[in-house]
Amino acid sequence: MDTNLPSFVGPQGIENYLNLSFVSLDFETTNLEKGSALNKDNDIVLACWTVNRNGQEVKRRHIWGDELTMQPLLDDIASTDFVVAHNAKFELQWLERCGLDLYDVQVWDTMLGEWVLHGNQKVPFNLEATSQRYNLGGKTPLGAMCIKMGMATQDIPVSWLQPYCYQDVDLATNIFYDQLDRCQEKKLMHLMLVRNLTCVALAYIELQGCQLDREKVINAHQEAVTEMAELEQKLIVMCGSINLGSSKQLGEFLFEKLGFKIPLDHKKKPMLTAKGAYKTDKLTISKLKSTNKEQEEFLAAYIRFNQLDALVTKNLDFFKGVVSEYDGVFYGVFNQAQTGTHRLSSSGRKLKFAGKKKESGAQLQNLPRQYKGMFTAHDDDYLIGEADGAQLEFRVAAELGGDKVAEAEIVAGADIHSVTSSVMIEAGHPDFIGKSVKEGRQGAKAHTFAPMYGGNGKLPAEQAYAEFFKKKYHGISGTQRSWCEQVVTRGWFTTPYGMRFYWPGTKMSRSGYIENTTAISNYPIQGFATGEIIPIALVAFWHRARHLDITVWNTIHDSLVSRVHKDCVDQYKELSKQCLTTDVYNFLRDVYNYHFRVPLGVGVKVAKNWGASKEEHVWSVWPDGKETYELKE
């Protein structure tokens, strides 16, 4: 079965852009959920497009009609190399509804072009703001006015809507030509290719939906609600008639009735408001120390109640509504052009539930770990597979820093978290007192890589660990320091993989501290790992799985999540290993002109429910093809 990559997933993709054979496209649709193709009640009202070759427009066409009338548009797309659009994921999902196979299409998204050109600089990326930055003017007044007023698209006069739609096409075309020149001049074409390839994959992935396990959701919701009710009664008995939602009343109860000591901040000053009132925010509560049974019982009940309340209101109520009213299926949205590091973010499509005034949704990337098991495959012949880039950000840091100590530990499979636990115990961190190295290992994970992101800690033990980390991995810390010094000198710096990040006005104090150190230390590592490597792997996996019974339906930071037919499990494991390692090496070499040296790792789990497997298949793969394998249980 063919699992090869299309030619444009590689250097040919950049060549296609330079050949200048493209369709520039804009759809006007009915406006439920902002016209999203994911809403089946939406329709296309108007499509306008131009065919362009060698910098010249050779055809200009429009169709008033729905997706069943768009064959001429599909024919023009088939006759060119790529499609230009602003926020192209919108057009791609409509093209899929028109019958276009997304696996065969390449795009240039002018919104993503602005993201690449501006790095981490915050500017509006919408078409109107972008066109004004390029001195191309604003949108046609009458059409724009109708859209902003929320007028139903199909009710806008033809003489207003058609010029409006064509103007969007022309703006995108002109922006593309300018962006192409700028990306070439600034040597950003490789980054632009990856953003665009990822855009097409995401357009497809969003259409697949997420399947919840009805029984697990109902049981988890009932257990949480029951426990909350019990805790609420317990708190009422302990507190009497005070309103726990009132910071004033809660503060008086904690510090006057129960006698908690006011915690101190990192400067050893009492944690009070600017006016000297008690603080009861999450950070203050987390620093309270119980000295008697009454304090201990209240604090445990209060913290647990608030944890459950957040889980129920942000996740479980939504999940319960989905399994009760939507057959257990909901859809998420992946966002590009939102983060400074260039990793993806996620948001949820809103759903309306019976008896609820407001719509609600759930995004796909920051789900509580304990709820991953509520996601399942859609029938008994399928399983859920998750493939992670093992220790990806640490490996990237070792690569960028040329750190021989870190690289040696990666190769040897060293238990880095146990080392952190040992240092914290020796330094007297209060959370590690009385624990063995093994017992402290889980808690150490939150501290292990904090110094890699510029975190020096607040407690003496954390500061001691940060100093230990920087001395041990001096290649990483020295490289990060050099990044900071470049920013002080120029206000920006270009990473080894070609992305330029900006921190204008950054200064160094007399003590040698550099402003923005945390961000400057973090962005290149997180950006390379989850802004470049994971999208490269995702694109490769999506294309290679095209003719297999394997479907990607989610991606979270450093992982890819798929539905896998039970007969394809072995193929799935091999494909995951290849795409997260070898394909990444090859793409970086051929497109980025970057030769990655440190071995990349991948961990694969397969089970009926997401993350439920007790086994993990783990590989480390070197650029020369050498690999190691371990089955973790």
# chains A, B, ... in the order shown; residues from 1 in each chain; ligands from 1
call {"tool": "residues_around", "arguments": {"residues": "Gly428 (chain A)", "least_positions_apart": "6", "cutoff": "10 Å", "atoms": "only C-alpha atoms", "output": "number ranges by chain"}}
result
A: 434, 459-462, 464
call {"tool": "closest_residue", "arguments": {"among": "A:Ser509, A:Gln106, A:Ser131, A:Asn522", "to": "Gln179 (chain A)", "atoms": "only C-alpha atoms"}}
result
A:Ser131
call {"tool": "closest_residue", "arguments": {"among": "A:Val322, A:Val123, A:Met424, A:Met145", "to": "Gly209 (chain A)", "atoms": "only C-alpha atoms"}}
result
A:Val322
call {"tool": "residues_around", "arguments": {"residues": "Lys614 (chain A)", "least_positions_apart": "6", "cutoff": "12 Å", "atoms": "only C-alpha atoms", "output": "list in words"}}
result
Val604, Lys605, Val606, Ala607, Lys608, Leu631, Lys632 and Glu633 of chain A
call {"tool": "select_by_dssp", "arguments": {"residues": "region 388-633 of chain A", "states": "helix (DSSP H, G or I)", "output": "number ranges by chain"}}
result
A: 392-401, 404-412, 416-427, 430-432, 437-448, 450-453, 460-472, 474-490, 517-544, 566-592
call {"tool": "residues_around", "arguments": {"residues": "region 192-195 of chain A", "least_positions_apart": "5", "cutoff": "7 Å", "atoms": "only C-alpha atoms", "output": "PDB file with all heavy atoms, in the first residue's frame"}}
result
ATOM      1  N   GLY A  13       8.007  21.715  -2.652  1.00  0.00           N
ATOM      2  CA  GLY A  13       6.967  22.618  -2.173  1.00  0.00           C
ATOM      3  C   GLY A  13       7.378  24.066  -2.308  1.00  0.00           C
ATOM      4  O   GLY A  13       6.575  24.931  -2.700  1.00  0.00           O
ATOM      5  N   ILE A  14       8.641  24.368  -2.003  1.00  0.00           N
ATOM      6  CA  ILE A  14       9.146  25.733  -2.172  1.00  0.00           C
ATOM      7  C   ILE A  14       9.248  26.081  -3.646  1.00  0.00           C
ATOM      8  O   ILE A  14       8.905  27.198  -4.068  1.00  0.00           O
ATOM      9  CB  ILE A  14      10.506  25.886  -1.464  1.00  0.00           C
ATOM     10  CG1 ILE A  14      10.314  25.746   0.058  1.00  0.00           C
ATOM     11  CG2 ILE A  14      11.154  27.221  -1.814  1.00  0.00           C
ATOM     12  CD1 ILE A  14      11.590  25.796   0.854  1.00  0.00           C
ATOM     13  N   LEU A 112      -0.816  33.238   7.596  1.00  0.00           N
ATOM     14  CA  LEU A 112       0.355  32.550   8.142  1.00  0.00           C
ATOM     15  C   LEU A 112       1.640  33.216   7.671  1.00  0.00           C
ATOM     16  O   LEU A 112       2.656  33.197   8.379  1.00  0.00           O
ATOM     17  CB  LEU A 112       0.335  31.077   7.740  1.00  0.00           C
ATOM     18  CG  LEU A 112      -0.887  30.280   8.206  1.00  0.00           C
ATOM     19  CD1 LEU A 112      -0.746  28.814   7.800  1.00  0.00           C
ATOM     20  CD2 LEU A 112      -1.079  30.408   9.717  1.00  0.00           C
ATOM     21  N   GLY A 113       1.609  33.826   6.489  1.00  0.00           N
ATOM     22  CA  GLY A 113       2.766  34.570   6.024  1.00  0.00           C
ATOM     23  C   GLY A 113       3.099  35.711   6.968  1.00  0.00           C
ATOM     24  O   GLY A 113       4.274  35.969   7.278  1.00  0.00           O
ATOM     25  N   VAL A 116       4.739  34.266  10.172  1.00  0.00           N
ATOM     26  CA  VAL A 116       6.141  33.924   9.976  1.00  0.00           C
ATOM     27  C   VAL A 116       6.996  35.186   9.915  1.00  0.00           C
ATOM     28  O   VAL A 116       8.064  35.267  10.549  1.00  0.00           O
ATOM     29  CB  VAL A 116       6.321  33.078   8.696  1.00  0.00           C
ATOM     30  CG1 VAL A 116       7.798  32.968   8.325  1.00  0.00           C
ATOM     31  CG2 VAL A 116       5.724  31.686   8.893  1.00  0.00           C
ATOM     32  N   ILE A 536       6.134  19.124  11.403  1.00  0.00           N
ATOM     33  CA  ILE A 536       6.756  18.330  10.333  1.00  0.00           C
ATOM     34  C   ILE A 536       6.339  16.869  10.461  1.00  0.00           C
ATOM     35  O   ILE A 536       5.954  16.228   9.478  1.00  0.00           O
ATOM     36  CB  ILE A 536       8.294  18.457  10.393  1.00  0.00           C
ATOM     37  CG1 ILE A 536       8.732  19.860   9.982  1.00  0.00           C
ATOM     38  CG2 ILE A 536       8.963  17.416   9.493  1.00  0.00           C
ATOM     39  CD1 ILE A 536      10.192  20.161  10.273  1.00  0.00           C
TER      40      ILE A 536
END
call {"tool": "residues_around", "arguments": {"residues": "Asp570 (chain A)", "least_positions_apart": "3", "cutoff": "12 Å", "atoms": "only C-alpha atoms", "output": "list of chain:residue names"}}
result
A:Gly385, A:Leu548, A:Asp549, A:Ile550, A:Val564, A:His565, A:Lys566, A:Asp567, A:Lys573, A:Glu574, A:Leu575, A:Ser576, A:Lys577, A:Val604, A:Lys605, A:Val606, A:His617
call {"tool": "residues_around", "arguments": {"residues": "Glu223 (chain A)", "least_positions_apart": "6", "cutoff": "12 Å", "atoms": "only C-alpha atoms", "output": "PyMOL selection string"}}
result
chain A and resi 216-217+229-230+308+311-312+316
call {"tool": "write_last_selection", "arguments": {"atoms": "all heavy atoms", "output": "short mmCIF file (atom, residue, chain, number, x, y, z; two decimals), in the first residue's frame"}}
result
data_model
loop_
_atom_site.label_atom_id
_atom_site.label_comp_id
_atom_site.auth_asym_id
_atom_site.auth_seq_id
_atom_site.Cartn_x
_atom_site.Cartn_y
_atom_site.Cartn_z
N LYS A 216 -17.98 6.08 30.76
CA LYS A 216 -16.93 6.70 31.57
C LYS A 216 -17.27 8.14 31.91
O LYS A 216 -17.01 8.62 33.02
CB LYS A 216 -15.58 6.60 30.85
CG LYS A 216 -14.99 5.20 30.81
CD LYS A 216 -13.62 5.21 30.17
CE LYS A 216 -13.01 3.82 30.15
NZ LYS A 216 -12.76 3.30 31.51
N VAL A 217 -17.84 8.86 30.95
CA VAL A 217 -18.21 10.25 31.20
C VAL A 217 -19.30 10.35 32.26
O VAL A 217 -19.19 11.14 33.21
CB VAL A 217 -18.67 10.94 29.89
CG1 VAL A 217 -19.32 12.29 30.18
CG2 VAL A 217 -17.50 11.11 28.94
N ALA A 229 -20.96 17.64 46.45
CA ALA A 229 -22.08 17.85 47.37
C ALA A 229 -21.68 17.49 48.79
O ALA A 229 -22.02 18.20 49.76
CB ALA A 229 -23.28 17.02 46.93
N GLU A 230 -20.93 16.40 48.95
CA GLU A 230 -20.48 15.99 50.28
C GLU A 230 -19.51 17.02 50.86
O GLU A 230 -19.58 17.36 52.04
CB GLU A 230 -19.81 14.61 50.19
CG GLU A 230 -20.78 13.49 49.83
CD GLU A 230 -20.07 12.17 49.53
OE1 GLU A 230 -18.82 12.19 49.45
OE2 GLU A 230 -20.76 11.14 49.37
N LEU A 308 -12.61 20.20 42.06
CA LEU A 308 -13.73 19.52 41.42
C LEU A 308 -14.64 20.51 40.70
O LEU A 308 -15.13 20.22 39.59
CB LEU A 308 -14.53 18.75 42.47
CG LEU A 308 -13.87 17.49 43.02
CD1 LEU A 308 -14.64 16.96 44.23
CD2 LEU A 308 -13.79 16.40 41.95
N LEU A 311 -13.11 21.31 37.40
CA LEU A 311 -13.18 20.18 36.48
C LEU A 311 -14.59 19.97 35.94
O LEU A 311 -14.78 19.68 34.75
CB LEU A 311 -12.70 18.90 37.18
CG LEU A 311 -11.20 18.85 37.53
CD1 LEU A 311 -10.91 17.64 38.41
CD2 LEU A 311 -10.35 18.80 36.28
N VAL A 312 -15.58 20.13 36.80
CA VAL A 312 -16.97 19.93 36.38
C VAL A 312 -17.40 21.04 35.43
O VAL A 312 -17.95 20.77 34.35
CB VAL A 312 -17.90 19.87 37.60
CG1 VAL A 312 -19.37 19.94 37.16
CG2 VAL A 312 -17.66 18.58 38.39
N LEU A 316 -16.40 18.39 32.62
CA LEU A 316 -17.36 17.29 32.78
C LEU A 316 -18.78 17.65 32.40
O LEU A 316 -19.50 16.82 31.83
CB LEU A 316 -17.31 16.76 34.22
CG LEU A 316 -16.05 15.96 34.58
CD1 LEU A 316 -16.07 15.59 36.05
CD2 LEU A 316 -15.95 14.70 33.72
#
call {"tool": "residues_around", "arguments": {"residues": "Lys626 (chain A)", "least_positions_apart": "4", "cutoff": "12 Å", "atoms": "only C-alpha atoms", "output": "VMD selection string"}}
result
chain A and resid 411 581 to 582 598 to 601 619 to 622
call {"tool": "write_last_selection", "arguments": {"atoms": "C-alpha atoms", "output": "PDB file, in the first residue's frame"}}
result
ATOM      1  CA  VAL A 411      21.934   8.392  24.660  1.00  0.00           C
ATOM      2  CA  THR A 581      12.279  10.705  13.825  1.00  0.00           C
ATOM      3  CA  THR A 582      13.573   9.819  10.340  1.00  0.00           C
ATOM      4  CA  VAL A 598      20.940  14.426  18.764  1.00  0.00           C
ATOM      5  CA  PRO A 599      18.835  11.220  18.627  1.00  0.00           C
ATOM      6  CA  LEU A 600      15.093  11.866  18.599  1.00  0.00           C
ATOM      7  CA  GLY A 601      12.755   9.674  20.607  1.00  0.00           C
ATOM      8  CA  TRP A 619      12.428   4.154  20.496  1.00  0.00           C
ATOM      9  CA  SER A 620      15.428   6.427  20.153  1.00  0.00           C
ATOM     10  CA  VAL A 621      16.498   6.890  16.545  1.00  0.00           C
ATOM     11  CA  TRP A 622      19.750   8.488  15.374  1.00  0.00           C
TER      12      TRP A 622
END
call {"tool": "closest_residue", "arguments": {"among": "A:Val51, A:Leu351, A:Ile285, A:Ile534", "to": "Leu250 (chain A)", "atoms": "only C-alpha atoms"}}
result
A:Ile285
call {"tool": "select_by_dssp", "arguments": {"residues": "region 342-414 of chain A", "states": "strand (DSSP E)", "output": "PyMOL selection string"}}
result
chain A and resi 345-348+382-390
call {"tool": "write_last_selection", "arguments": {"atoms": "C-alpha atoms", "output": "compact mmCIF listing (two decimals), in the first residue's frame"}}
result
# COMPACT_ATOMS: atom_id res chain seq x y z
CA SER A 345 -3.16 26.35 20.24
CA SER A 346 -6.70 25.01 20.41
CA SER A 347 -10.23 26.17 21.06
CA GLY A 348 -13.55 24.37 21.16
CA TYR A 382 -10.68 0.56 16.34
CA LEU A 383 -8.24 1.59 19.04
CA ILE A 384 -6.72 4.92 20.09
CA GLY A 385 -3.03 5.40 19.41
CA GLU A 386 -0.89 8.16 20.89
CA ALA A 387 2.64 8.89 19.67
CA ASP A 388 4.79 11.31 21.69
CA GLY A 389 8.08 12.97 20.93
CA ALA A 390 9.97 11.53 23.92
call {"tool": "atom_distance", "arguments": {"atom1": "CA of Arg544 (chain A)", "atom2": "CA of Tyr585 (chain A)"}}
result
16.0 Å
call {"tool": "atom_distance", "arguments": {"atom1": "CA of Ser286 (chain A)", "atom2": "CA of Thr448 (chain A)"}}
result
20.7 Å
call {"tool": "closest_residue", "arguments": {"among": "A:Ala172, A:Leu102, A:Val618, A:Leu299", "to": "Lys282 (chain A)", "atoms": "only C-alpha atoms"}}
result
A:Leu299
call {"tool": "closest_residue", "arguments": {"among": "A:Arg395, A:Lys267, A:Lys186, A:Arg589", "to": "Ile476 (chain A)", "atoms": "only C-alpha atoms"}}
result
A:Arg395
call {"tool": "closest_residue", "arguments": {"among": "A:Gln571, A:Phe176, A:Ile520, A:Asn306", "to": "His547 (chain A)", "atoms": "only C-alpha atoms"}}
result
A:Gln571
